[in-house]
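Novice: What follows is the file run_33.json, containing JSON, C-alpha atoms:
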```json
[["chain", "number", "residue", "atom", "x", "y", "z"],
["A", 1, "ASP", "CA", -24.66, 1.93, 4.88],
["A", 2, "GLY", "CA", -23.71, -1.59, 5.97],
["A", 3, "GLU", "CA", -20.36, -2.88, 7.06],
["A", 4, "PRO", "CA", -17.24, -1.75, 5.16],
["A", 5, "PRO", "CA", -15.30, -4.29, 3.10],
["A", 6, "ARG", "CA", -12.95, -6.17, 5.39],
["A", 7, "TYR", "CA", -9.44, -7.33, 4.60],
["A", 8, "ALA", "CA", -8.63, -10.51, 6.50],
["A", 9, "PRO", "CA", -5.98, -9.88, 9.15],
["A", 10, "GLU", "CA", -4.50, -13.26, 8.18],
["A", 11, "TRP", "CA", -3.82, -12.05, 4.63],
["A", 12, "LEU", "CA", -2.34, -8.77, 5.85],
["A", 13, "GLU", "CA", -0.10, -10.67, 8.25],
["A", 14, "LEU", "CA", 0.95, -13.07, 5.50],
["A", 15, "ARG", "CA", 2.07, -10.28, 3.17],
["A", 16, "GLU", "CA", 3.76, -8.11, 5.80],
["A", 17, "GLY", "CA", 7.22, -9.65, 5.37],
["A", 18, "ALA", "CA", 7.13, -9.30, 1.57],
["A", 19, "ASP", "CA", 5.89, -5.72, 1.93],
["A", 20, "ALA", "CA", 8.71, -4.85, 4.32],
["A", 21, "ALA", "CA", 11.33, -6.36, 2.00],
["A", 22, "ALA", "CA", 9.88, -4.54, -1.04],
["A", 23, "ARG", "CA", 9.45, -0.97, 0.21],
["A", 24, "ALA", "CA", 11.83, 1.53, -1.39],
["A", 25, "HIS", "CA", 14.47, 2.42, 1.20],
["A", 26, "GLY", "CA", 15.80, 5.09, -1.18],
["A", 27, "LEU", "CA", 12.86, 7.34, -0.31],
["A", 28, "LEU", "CA", 13.71, 7.38, 3.40],
["A", 29, "ASP", "CA", 16.66, 9.80, 3.25],
["A", 30, "PRO", "CA", 14.76, 12.67, 1.58],
["A", 31, "LEU", "CA", 11.89, 11.99, 3.99],
["A", 32, "ARG", "CA", 14.24, 12.15, 7.00],
["A", 33, "VAL", "CA", 15.65, 15.45, 5.74],
["A", 34, "ARG", "CA", 12.15, 16.94, 5.49],
["A", 35, "LEU", "CA", 11.15, 15.69, 8.94],
["A", 36, "ALA", "CA", 14.38, 17.01, 10.45],
["A", 37, "ASP", "CA", 13.59, 20.47, 9.06],
["A", 38, "LEU", "CA", 10.23, 20.62, 10.85],
["A", 39, "PRO", "CA", 9.96, 22.89, 13.89],
["A", 40, "GLY", "CA", 10.10, 20.98, 17.17],
["A", 41, "ARG", "CA", 6.75, 19.78, 18.49],
["A", 42, "PRO", "CA", 5.88, 18.71, 22.03],
["A", 43, "GLY", "CA", 5.01, 15.07, 21.16],
["A", 44, "GLY", "CA", 7.37, 14.79, 18.22],
["A", 45, "ALA", "CA", 6.34, 14.07, 14.64],
["A", 46, "VAL", "CA", 2.63, 13.44, 14.01],
["A", 47, "ILE", "CA", 2.17, 10.73, 11.37],
["A", 48, "HIS", "CA", -1.21, 9.85, 9.88],
["A", 49, "ASP", "CA", -1.43, 6.32, 8.45],
["A", 50, "VAL", "CA", -4.40, 6.21, 6.07],
["A", 51, "GLY", "CA", -6.07, 2.86, 5.45],
["A", 52, "CYS", "CA", -3.72, 1.42, 8.04],
["A", 53, "GLY", "CA", -5.08, -2.14, 8.07],
["A", 54, "THR", "CA", -3.29, -4.01, 10.85],
["A", 55, "GLY", "CA", -0.60, -1.32, 11.10],
["A", 56, "SER", "CA", 2.23, -2.85, 9.07],
["A", 57, "MET", "CA", 3.42, 0.54, 7.80],
["A", 58, "GLY", "CA", 3.93, 1.82, 11.31],
["A", 59, "ARG", "CA", 5.79, -1.33, 12.33],
["A", 60, "TRP", "CA", 8.10, -0.86, 9.34],
["A", 61, "LEU", "CA", 8.60, 2.91, 9.38],
["A", 62, "ALA", "CA", 8.54, 4.02, 13.01],
["A", 63, "PRO", "CA", 11.73, 2.10, 13.93],
["A", 64, "ARG", "CA", 13.49, 3.67, 10.91],
["A", 65, "LEU", "CA", 12.87, 7.28, 11.96],
["A", 66, "ASP", "CA", 14.55, 9.13, 14.81],
["A", 67, "GLY", "CA", 12.66, 11.15, 17.36],
["A", 68, "ALA", "CA", 9.38, 10.90, 19.23],
["A", 69, "GLN", "CA", 6.40, 10.04, 17.05],
["A", 70, "HIS", "CA", 2.63, 10.07, 17.47],
["A", 71, "TRP", "CA", 0.85, 7.87, 14.93],
["A", 72, "VAL", "CA", -2.79, 8.48, 14.02],
["A", 73, "LEU", "CA", -4.17, 5.30, 12.47],
["A", 74, "HIS", "CA", -7.11, 5.69, 10.08],
["A", 75, "ASP", "CA", -9.25, 2.83, 8.77],
["A", 76, "ARG", "CA", -12.90, 2.14, 8.07],
["A", 77, "ASP", "CA", -12.70, -1.22, 9.81],
["A", 78, "PRO", "CA", -12.71, -1.11, 13.64],
["A", 79, "TYR", "CA", -11.60, -4.75, 13.72],
["A", 80, "LEU", "CA", -8.37, -3.90, 11.86],
["A", 81, "LEU", "CA", -7.87, -0.74, 13.91],
["A", 82, "HIS", "CA", -7.85, -2.87, 17.05],
["A", 83, "PHE", "CA", -5.10, -5.09, 15.60],
["A", 84, "ALA", "CA", -3.10, -2.06, 14.52],
["A", 85, "ALA", "CA", -3.24, -0.40, 17.93],
["A", 86, "VAL", "CA", -2.32, -3.54, 19.86],
["A", 87, "ALA", "CA", 0.67, -4.39, 17.63],
["A", 88, "SER", "CA", 2.01, -0.86, 17.12],
["A", 89, "PRO", "CA", 5.71, -0.15, 17.78],
["A", 90, "ARG", "CA", 6.61, 1.62, 20.99],
["A", 91, "SER", "CA", 10.02, 3.12, 20.17],
["A", 92, "ALA", "CA", 11.73, 4.97, 17.32],
["A", 93, "ALA", "CA", 15.17, 4.28, 15.81],
["A", 94, "ASP", "CA", 16.88, 6.27, 18.57],
["A", 95, "GLY", "CA", 14.74, 4.85, 21.37],
["A", 96, "SER", "CA", 12.36, 7.81, 21.49],
["A", 97, "ARG", "CA", 8.77, 7.12, 22.44],
["A", 98, "VAL", "CA", 6.12, 6.19, 19.85],
["A", 99, "THR", "CA", 2.46, 6.67, 20.76],
["A", 100, "VAL", "CA", -0.69, 5.73, 18.84],
["A", 101, "GLU", "CA", -4.32, 6.70, 18.49],
["A", 102, "THR", "CA", -6.99, 5.30, 16.16],
["A", 103, "ARG", "CA", -9.66, 7.04, 14.08],
["A", 104, "ARG", "CA", -12.36, 5.22, 12.20],
["A", 105, "GLY", "CA", -13.12, 6.94, 8.93],
["A", 106, "ASP", "CA", -13.09, 6.94, 5.15],
["A", 107, "ILE", "CA", -10.42, 8.56, 3.00],
["A", 108, "ALA", "CA", -13.15, 10.46, 1.17],
["A", 109, "ARG", "CA", -13.70, 12.41, 4.40],
["A", 110, "LEU", "CA", -10.03, 13.26, 4.90],
["A", 111, "THR", "CA", -9.72, 17.04, 5.11],
["A", 112, "PRO", "CA", -6.93, 19.55, 5.72],
["A", 113, "ASP", "CA", -8.46, 20.10, 9.17],
["A", 114, "ALA", "CA", -8.03, 16.38, 9.93],
["A", 115, "LEU", "CA", -4.36, 16.74, 8.99],
["A", 116, "ARG", "CA", -3.76, 20.01, 10.85],
["A", 117, "GLY", "CA", -0.36, 19.76, 12.53],
["A", 118, "ALA", "CA", 0.57, 16.59, 10.63],
["A", 119, "SER", "CA", 4.24, 15.91, 9.90],
["A", 120, "LEU", "CA", 3.63, 13.08, 7.43],
["A", 121, "VAL", "CA", 0.87, 11.05, 5.77],
["A", 122, "THR", "CA", 1.55, 7.41, 4.97],
["A", 123, "ALA", "CA", -0.36, 4.63, 3.26],
["A", 124, "SER", "CA", 0.43, 1.15, 2.02],
["A", 125, "ALA", "CA", -1.31, -0.75, -0.81],
["A", 126, "LEU", "CA", -3.95, 1.97, -0.93],
["A", 127, "LEU", "CA", -3.62, 4.14, -4.05],
["A", 128, "ASP", "CA", -4.70, 1.45, -6.49],
["A", 129, "VAL", "CA", -8.04, 0.91, -4.72],
["A", 130, "LEU", "CA", -8.93, 4.62, -4.85],
["A", 131, "THR", "CA", -10.95, 6.49, -7.45],
["A", 132, "ARG", "CA", -9.47, 9.61, -9.01],
["A", 133, "GLU", "CA", -11.80, 11.73, -6.86],
["A", 134, "GLU", "CA", -10.57, 10.02, -3.68],
["A", 135, "LEU", "CA", -6.96, 10.44, -4.79],
["A", 136, "ASP", "CA", -7.54, 14.14, -5.44],
["A", 137, "THR", "CA", -9.07, 14.44, -1.95],
["A", 138, "LEU", "CA", -5.94, 12.89, -0.45],
["A", 139, "ALA", "CA", -3.54, 15.03, -2.49],
["A", 140, "ALA", "CA", -5.47, 18.21, -1.71],
["A", 141, "ALA", "CA", -5.59, 17.46, 2.01],
["A", 142, "CYS", "CA", -1.83, 16.81, 2.15],
["A", 143, "SER", "CA", -1.05, 19.86, 0.05],
["A", 144, "ASP", "CA", -3.28, 22.20, 2.05],
["A", 145, "ALA", "CA", -1.82, 20.87, 5.30],
["A", 146, "GLY", "CA", 1.71, 21.25, 3.92],
["A", 147, "CYS", "CA", 2.78, 17.74, 4.91],
["A", 148, "PRO", "CA", 4.65, 15.14, 2.84],
["A", 149, "ALA", "CA", 3.11, 11.80, 1.83],
["A", 150, "LEU", "CA", 4.82, 8.42, 1.62],
["A", 151, "LEU", "CA", 2.53, 6.09, -0.37],
["A", 152, "THR", "CA", 3.90, 2.60, -0.82],
["A", 153, "LEU", "CA", 3.21, -0.68, -2.61],
["A", 154, "SER", "CA", 0.81, 0.43, -5.33],
["A", 155, "VAL", "CA", 0.35, -2.17, -8.05],
["A", 156, "ALA", "CA", 2.22, -1.33, -11.24],
["A", 157, "GLY", "CA", 0.30, -3.66, -13.57],
["A", 158, "ARG", "CA", 3.19, -6.06, -14.27],
["A", 159, "VAL", "CA", 3.86, -9.58, -13.04],
["A", 160, "ASP", "CA", 6.79, -11.80, -14.04],
["A", 161, "LEU", "CA", 6.46, -15.55, -13.47],
["A", 162, "THR", "CA", 9.26, -18.07, -13.98],
["A", 163, "PRO", "CA", 8.75, -20.45, -15.67],
["A", 164, "SER", "CA", 6.34, -18.57, -17.93],
["A", 165, "HIS", "CA", 3.01, -19.86, -19.25],
["A", 166, "PRO", "CA", 1.23, -19.01, -22.54],
["A", 167, "LEU", "CA", -1.76, -17.65, -20.60],
["A", 168, "ASP", "CA", 0.24, -15.20, -18.45],
["A", 169, "GLU", "CA", -0.36, -12.14, -20.61],
["A", 170, "GLU", "CA", -4.12, -12.67, -20.90],
["A", 171, "ILE", "CA", -4.48, -13.25, -17.16],
["A", 172, "ALA", "CA", -2.41, -10.14, -16.41],
["A", 173, "GLU", "CA", -4.52, -8.00, -18.77],
["A", 174, "ALA", "CA", -7.76, -9.31, -17.27],
["A", 175, "PHE", "CA", -6.46, -8.75, -13.74],
["A", 176, "ASN", "CA", -5.51, -5.16, -14.59],
["A", 177, "ALA", "CA", -8.96, -4.57, -16.07],
["A", 178, "HIS", "CA", -10.48, -5.94, -12.86],
["A", 179, "GLN", "CA", -8.32, -3.52, -10.85],
["A", 180, "ARG", "CA", -9.79, -0.64, -12.86],
["A", 181, "ARG", "CA", -13.41, -1.68, -12.34],
["A", 182, "SER", "CA", -15.96, 0.83, -11.08],
["A", 183, "GLY", "CA", -13.61, 3.75, -11.68],
["A", 184, "LEU", "CA", -10.77, 2.49, -9.47],
["A", 185, "LEU", "CA", -7.29, 3.59, -10.51],
["A", 186, "GLY", "CA", -5.62, 0.18, -10.30],
["A", 187, "PRO", "CA", -2.26, 0.15, -12.10],
["A", 188, "ASP", "CA", -2.78, 3.78, -13.19],
["A", 189, "ALA", "CA", -2.70, 4.97, -9.57],
["A", 190, "VAL", "CA", 0.95, 5.96, -9.22],
["A", 191, "GLY", "CA", 0.97, 8.02, -12.40],
["A", 192, "ALA", "CA", -2.27, 9.71, -11.36],
["A", 193, "ALA", "CA", -0.89, 10.39, -7.87],
["A", 194, "ALA", "CA", 2.34, 11.86, -9.23],
["A", 195, "GLU", "CA", 0.28, 14.17, -11.41],
["A", 196, "ALA", "CA", -2.13, 15.14, -8.62],
["A", 197, "PHE", "CA", 0.63, 16.03, -6.17],
["A", 198, "SER", "CA", 2.82, 17.73, -8.79],
["A", 199, "GLU", "CA", -0.07, 19.94, -9.89],
["A", 200, "ARG", "CA", -0.27, 21.14, -6.30],
["A", 201, "GLY", "CA", 3.41, 22.09, -6.19],
["A", 202, "ALA", "CA", 4.85, 18.98, -4.53],
["A", 203, "THR", "CA", 8.19, 17.45, -5.44],
["A", 204, "VAL", "CA", 7.47, 13.82, -6.32],
["A", 205, "GLN", "CA", 9.81, 10.82, -6.37],
["A", 206, "VAL", "CA", 8.77, 7.32, -7.47],
["A", 207, "GLN", "CA", 10.80, 4.16, -6.93],
["A", 208, "PRO", "CA", 10.07, 0.47, -7.63],
["A", 209, "SER", "CA", 9.07, -1.79, -4.74],
["A", 210, "PRO", "CA", 8.55, -5.28, -6.19],
["A", 211, "TRP", "CA", 7.63, -8.40, -4.29],
["A", 212, "ARG", "CA", 10.20, -11.09, -5.11],
["A", 213, "LEU", "CA", 8.62, -14.42, -4.22],
["A", 214, "GLY", "CA", 10.68, -17.59, -4.37],
["A", 215, "PRO", "CA", 10.53, -21.02, -2.71],
["A", 216, "GLY", "CA", 10.81, -19.43, 0.74],
["A", 217, "GLU", "CA", 7.61, -17.42, 0.19],
["A", 218, "ARG", "CA", 5.33, -20.29, -0.87],
["A", 219, "ALA", "CA", 2.86, -19.52, 1.90],
["A", 220, "LEU", "CA", 2.25, -16.10, 0.31],
["A", 221, "THR", "CA", 2.67, -17.07, -3.34],
["A", 222, "ALA", "CA", -0.11, -19.69, -3.34],
["A", 223, "PRO", "CA", -2.93, -17.42, -2.07],
["A", 224, "TRP", "CA", -1.62, -14.56, -4.20],
["A", 225, "LEU", "CA", -1.85, -16.82, -7.27],
["A", 226, "ARG", "CA", -5.41, -17.82, -6.43],
["A", 227, "GLY", "CA", -6.39, -14.19, -6.01],
["A", 228, "TRP", "CA", -4.62, -13.06, -9.19],
["A", 229, "VAL", "CA", -6.24, -15.73, -11.34],
["A", 230, "GLY", "CA", -9.59, -15.43, -9.56],
["A", 231, "ALA", "CA", -9.83, -11.69, -10.24],
["A", 232, "ALA", "CA", -8.90, -12.26, -13.89],
["A", 233, "VAL", "CA", -11.63, -14.89, -14.30],
["A", 234, "GLU", "CA", -14.16, -12.66, -12.56],
["A", 235, "GLN", "CA", -13.34, -10.01, -15.16],
["A", 236, "ARG", "CA", -13.26, -12.48, -18.06],
["A", 237, "PRO", "CA", -15.35, -15.60, -17.37],
["A", 238, "ASP", "CA", -14.37, -17.03, -20.76],
["A", 239, "LEU", "CA", -10.89, -17.63, -19.32],
["A", 240, "ALA", "CA", -12.21, -19.87, -16.54],
["A", 241, "GLU", "CA", -11.40, -23.33, -17.88],
["A", 242, "ALA", "CA", -7.93, -22.53, -19.22],
["A", 243, "ALA", "CA", -7.10, -20.38, -16.20],
["A", 244, "GLU", "CA", -8.07, -23.14, -13.78],
["A", 245, "SER", "CA", -5.72, -25.55, -15.53],
["A", 246, "CYS", "CA", -2.94, -22.94, -15.49],
["A", 247, "LEU", "CA", -3.54, -22.27, -11.80],
["A", 248, "SER", "CA", -3.31, -25.96, -10.94],
["A", 249, "GLU", "CA", 0.03, -26.24, -12.74],
["A", 250, "ARG", "CA", 1.32, -23.14, -11.04],
["A", 251, "LEU", "CA", 0.27, -24.28, -7.57],
["A", 252, "GLU", "CA", 2.04, -27.60, -8.10],
["A", 253, "ALA", "CA", 5.19, -25.77, -9.19],
["A", 254, "CYS", "CA", 4.88, -23.45, -6.19],
["A", 255, "GLU", "CA", 4.60, -26.38, -3.78],
["A", 256, "ALA", "CA", 7.64, -28.00, -5.39],
["A", 257, "GLY", "CA", 9.66, -24.81, -4.97],
["A", 258, "GLU", "CA", 10.00, -24.39, -8.73],
["A", 259, "LEU", "CA", 8.07, -21.13, -9.18],
["A", 260, "ARG", "CA", 9.38, -17.60, -8.85],
["A", 261, "VAL", "CA", 7.19, -14.52, -9.05],
["A", 262, "VAL", "CA", 7.96, -10.82, -9.24],
["A", 263, "VAL", "CA", 4.91, -8.67, -8.52],
["A", 264, "HIS", "CA", 5.79, -5.11, -9.49],
["A", 265, "HIS", "CA", 4.76, -2.22, -7.23],
["A", 266, "SER", "CA", 5.79, 1.41, -6.92],
["A", 267, "ASP", "CA", 6.42, 3.65, -3.91],
["A", 268, "LEU", "CA", 5.82, 7.39, -4.11],
["A", 269, "LEU", "CA", 7.11, 10.21, -1.92],
["A", 270, "ALA", "CA", 5.43, 13.59, -2.36],
["A", 271, "LEU", "CA", 7.18, 16.47, -0.60],
["A", 272, "CYS", "CA", 4.41, 19.03, -0.44],
["A", 273, "ARG", "CA", 5.25, 22.68, 0.11],
["A", 274, "PRO", "CA", 5.13, 23.50, 3.83],
["A", 275, "ALA", "CA", 2.04, 25.35, 4.93],
["A", 276, "GLY", "CA", 2.52, 29.10, 4.69],
["A", 277, "GLY", "CA", 4.27, 29.00, 1.33],
["A", 278, "ALA", "CA", 7.85, 28.41, 2.48],
["A", 279, "SER", "CA", 10.07, 26.68, -0.05]]
```
Please, can you express the file's structure as structure tokens?
Specialist:
Amino acid sequence: DGEPPRYAPEWLELREGADAAARAHGLLDPLRVRLADLPGRPGGAVIHDVGCGTGSMGRWLAPRLDGAQHWVLHDRDPYLLHFAAVASPRSAADGSRVTVETRRGDIARLTPDALRGASLVTASALLDVLTREELDTLAAACSDAGCPALLTLSVAGRVDLTPSHPLDEEIAEAFNAHQRRSGLLGPDAVGAAAEAFSERGATVQVQPSPWRLGPGERALTAPWLRGWVGAAVEQRPDLAEAAESCLSERLEACEAGELRVVVHHSDLLALCRPAGGAS
């Protein structure tokens, strides 16, 4: 089938700080309550991180949860799995041990059996690159296994740039259309996920998790801008000339520390009914 698409570890490292600052802390308390209600397990909580990349979710979440944890890192890319395993956290918030294993695989093959005994499923920047069928597979697997899901940093389809530019709206619309190409959910992902989990009896909470990029985040803002405009032009080649001029202006403003960007995301917590039908 050929090699899977690869996300550059450099890009994932570059965005990790902005991701950590953006994630919705308000979802952690209900998650902690659910995890505390789980029966005790010999190795502690078992957490499956789907599409783990270089493991940024584990580095963010594991030190915010008490108790021993065993993280199962899933990704199609063995290169990224190596990074994730090497850089994984070793202790929880209370000093308990954190252990890790890796599994190479595709989300389309995620089954309730793969999640048997799971305490939690996590993912970061994943929902928007799924199809509805893949999302339904994920929701069904979590629901059948009776484990909650914390799914963070899904694009919401809105970007605010200051100062504004007359082309912003067209670029944003073209970018969103590009995100929806080939049946991907793109900015519709969080709504679709809330529906998919709710239909299976889960209690769903959604909170905003925007990137807020100012002069101190120029190293991230510049490549994000290039990617945002590039995807829009790929979707609408007629925008190329005007978009290139806009991009040049924006990059100059970014370098001068005069550009601020808010990239809107959403985090979703789905508290699935525990296996066995308990409330």
Novice: Do you know which residues are at most 10 Å from Ala253 (chain A) counting all atoms listed in the file, after dropping those on the same chain fewer than 5 positions away, and could you put them as a ChimeraX atom specification?
Specialist: /A:162-163,215,218,222,247-248,258-260
Novice: Find the residue from A:Gly257, A:Leu80, A:Ala68, A:His165 that sits nearest to Ala219 (chain A); use only C-alpha atoms when measuring.
Specialist: A:Gly257
Novice: Out of A:Met57, A:Ala193, A:Val98, A:Leu184, which residue has the shortest atom-to-atom distance to Arg15 (chain A) when counting all atoms listed in the file?
Specialist: A:Met57
Novice: Taking (1.2, -15.9, -3.1) in the file's coordinates, which residues come within 12 Å, counting all atoms listed in the file, written as number ranges by chain?
Specialist: A: 11-12, 14-15, 18, 161, 211-229, 247, 250-251, 254-255, 259-263
Novice: Pick out the residues sitting within 7 Å of region 61-64 of chain A, and hand them over as a list of chain:residue names; count all atoms listed in the file, and ignore anything fewer than 3 positions along from it in its own chain.
Specialist: A:Met57, A:Gly58, A:Pro89, A:Ser91, A:Ala92, A:Ala93
Novice: Could you please determine the separation between CA of Glu16 (chain A) and CA of Leu153 (chain A) in Å, to one decimal place?
Specialist: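 Those two atoms sit 11.2 Å apart.
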Novice: What does the distance between CA of Glu249 (chain A) and CA of Pro208 (chain A) come to in Å, to one decimal place?
Specialist: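 Computed distance, CA of Glu249 (chain A) to CA of Pro208 (chain A), equals 29.0 Å.
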Novice: Suppose you want the space between CA of Asp188 (chain A) and CA of Ala172 (chain A); what is it in Å?
Specialist: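 Between these atoms lies a distance of 14.3 Å.
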Novice: So which residues are close to (6.6, 1.4, -3.5), meaning at most 8 Å away in the file's coordinates with only C-alpha atoms counted, and can you show them as a PyMOL selection string?
Specialist: chain A and resi 22-24+151-154+206-210+265-268
Novice: Would you mind telling me which residue in A:Glu170, A:Asp136, A:Glu195, A:Asp49 lies nearest to Thr102 (chain A) when using all atoms listed in the file?
Specialist: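 Using all atoms listed in the file, Thr102 (chain A) sits closest to A:Asp49.
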Novice: So which one's closest to Gly51 (chain A), A:Thr122, A:Gln179, A:Ser245, A:Ser143? Using all atoms listed in the file, please.
Specialist: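 Distance minimum relative to Gly51 (chain A) lands on A:Thr122.
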Novice: For a quick check of understanding, using only C-alpha atoms, which of A:Val159, A:Leu27, A:Ala140, A:Ala145 has the smallest distance to Gly117 (chain A)?
Specialist: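 Once distances to Gly117 (chain A) are computed over only C-alpha atoms, the minimum belongs to A:Ala145.
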Novice: Hey, what's within 7 Å of Trp71 (chain A) if we count all atoms listed in the file and toss same-chain stuff fewer than 3 positions away? As an MDAnalysis selection string, please?
Specialist: chainID A and resid 46:48 99:101
Novice: Can you pull out the residues contacting Asp128 (chain A)? Cut-off 6 Å, using all atoms listed in the file, and skip same-chain residues under 3 positions away; I want them as a count of residues only.
Specialist: 4
Novice: Rank nothing, just name the residue among A:His178, A:Arg200, A:His70, A:Arg273 nearest to Ala139 (chain A), using all atoms listed in the file.
Specialist: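 Of A:His178, A:Arg200, A:His70, A:Arg273, the one nearest Ala139 (chain A) is A:Arg200, counting all atoms listed in the file.
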Novice: Identify, on the basis of all atoms listed in the file, every residue whose closest approach to His82 (chain A) does not exceed 12 Å; exclude the query and any residue fewer than 6 positions from it along the same chain; express the result as a ChimeraX atom specification.
Specialist: /A:9,52-55,73-76,88,100-104
Novice: Report, as lines of an AutoDock Vina configuration file, the centre and edge lengths in Å (one decimal) of the axis-aligned box enclosing every listed atom of region 197-213 of chain A, padded by 3 Å on each side.
Specialist:
```
center_x = 5.3
center_y = 3.8
center_z = -7.1
size_x = 17.1
size_y = 42.5
size_z = 11.7
```
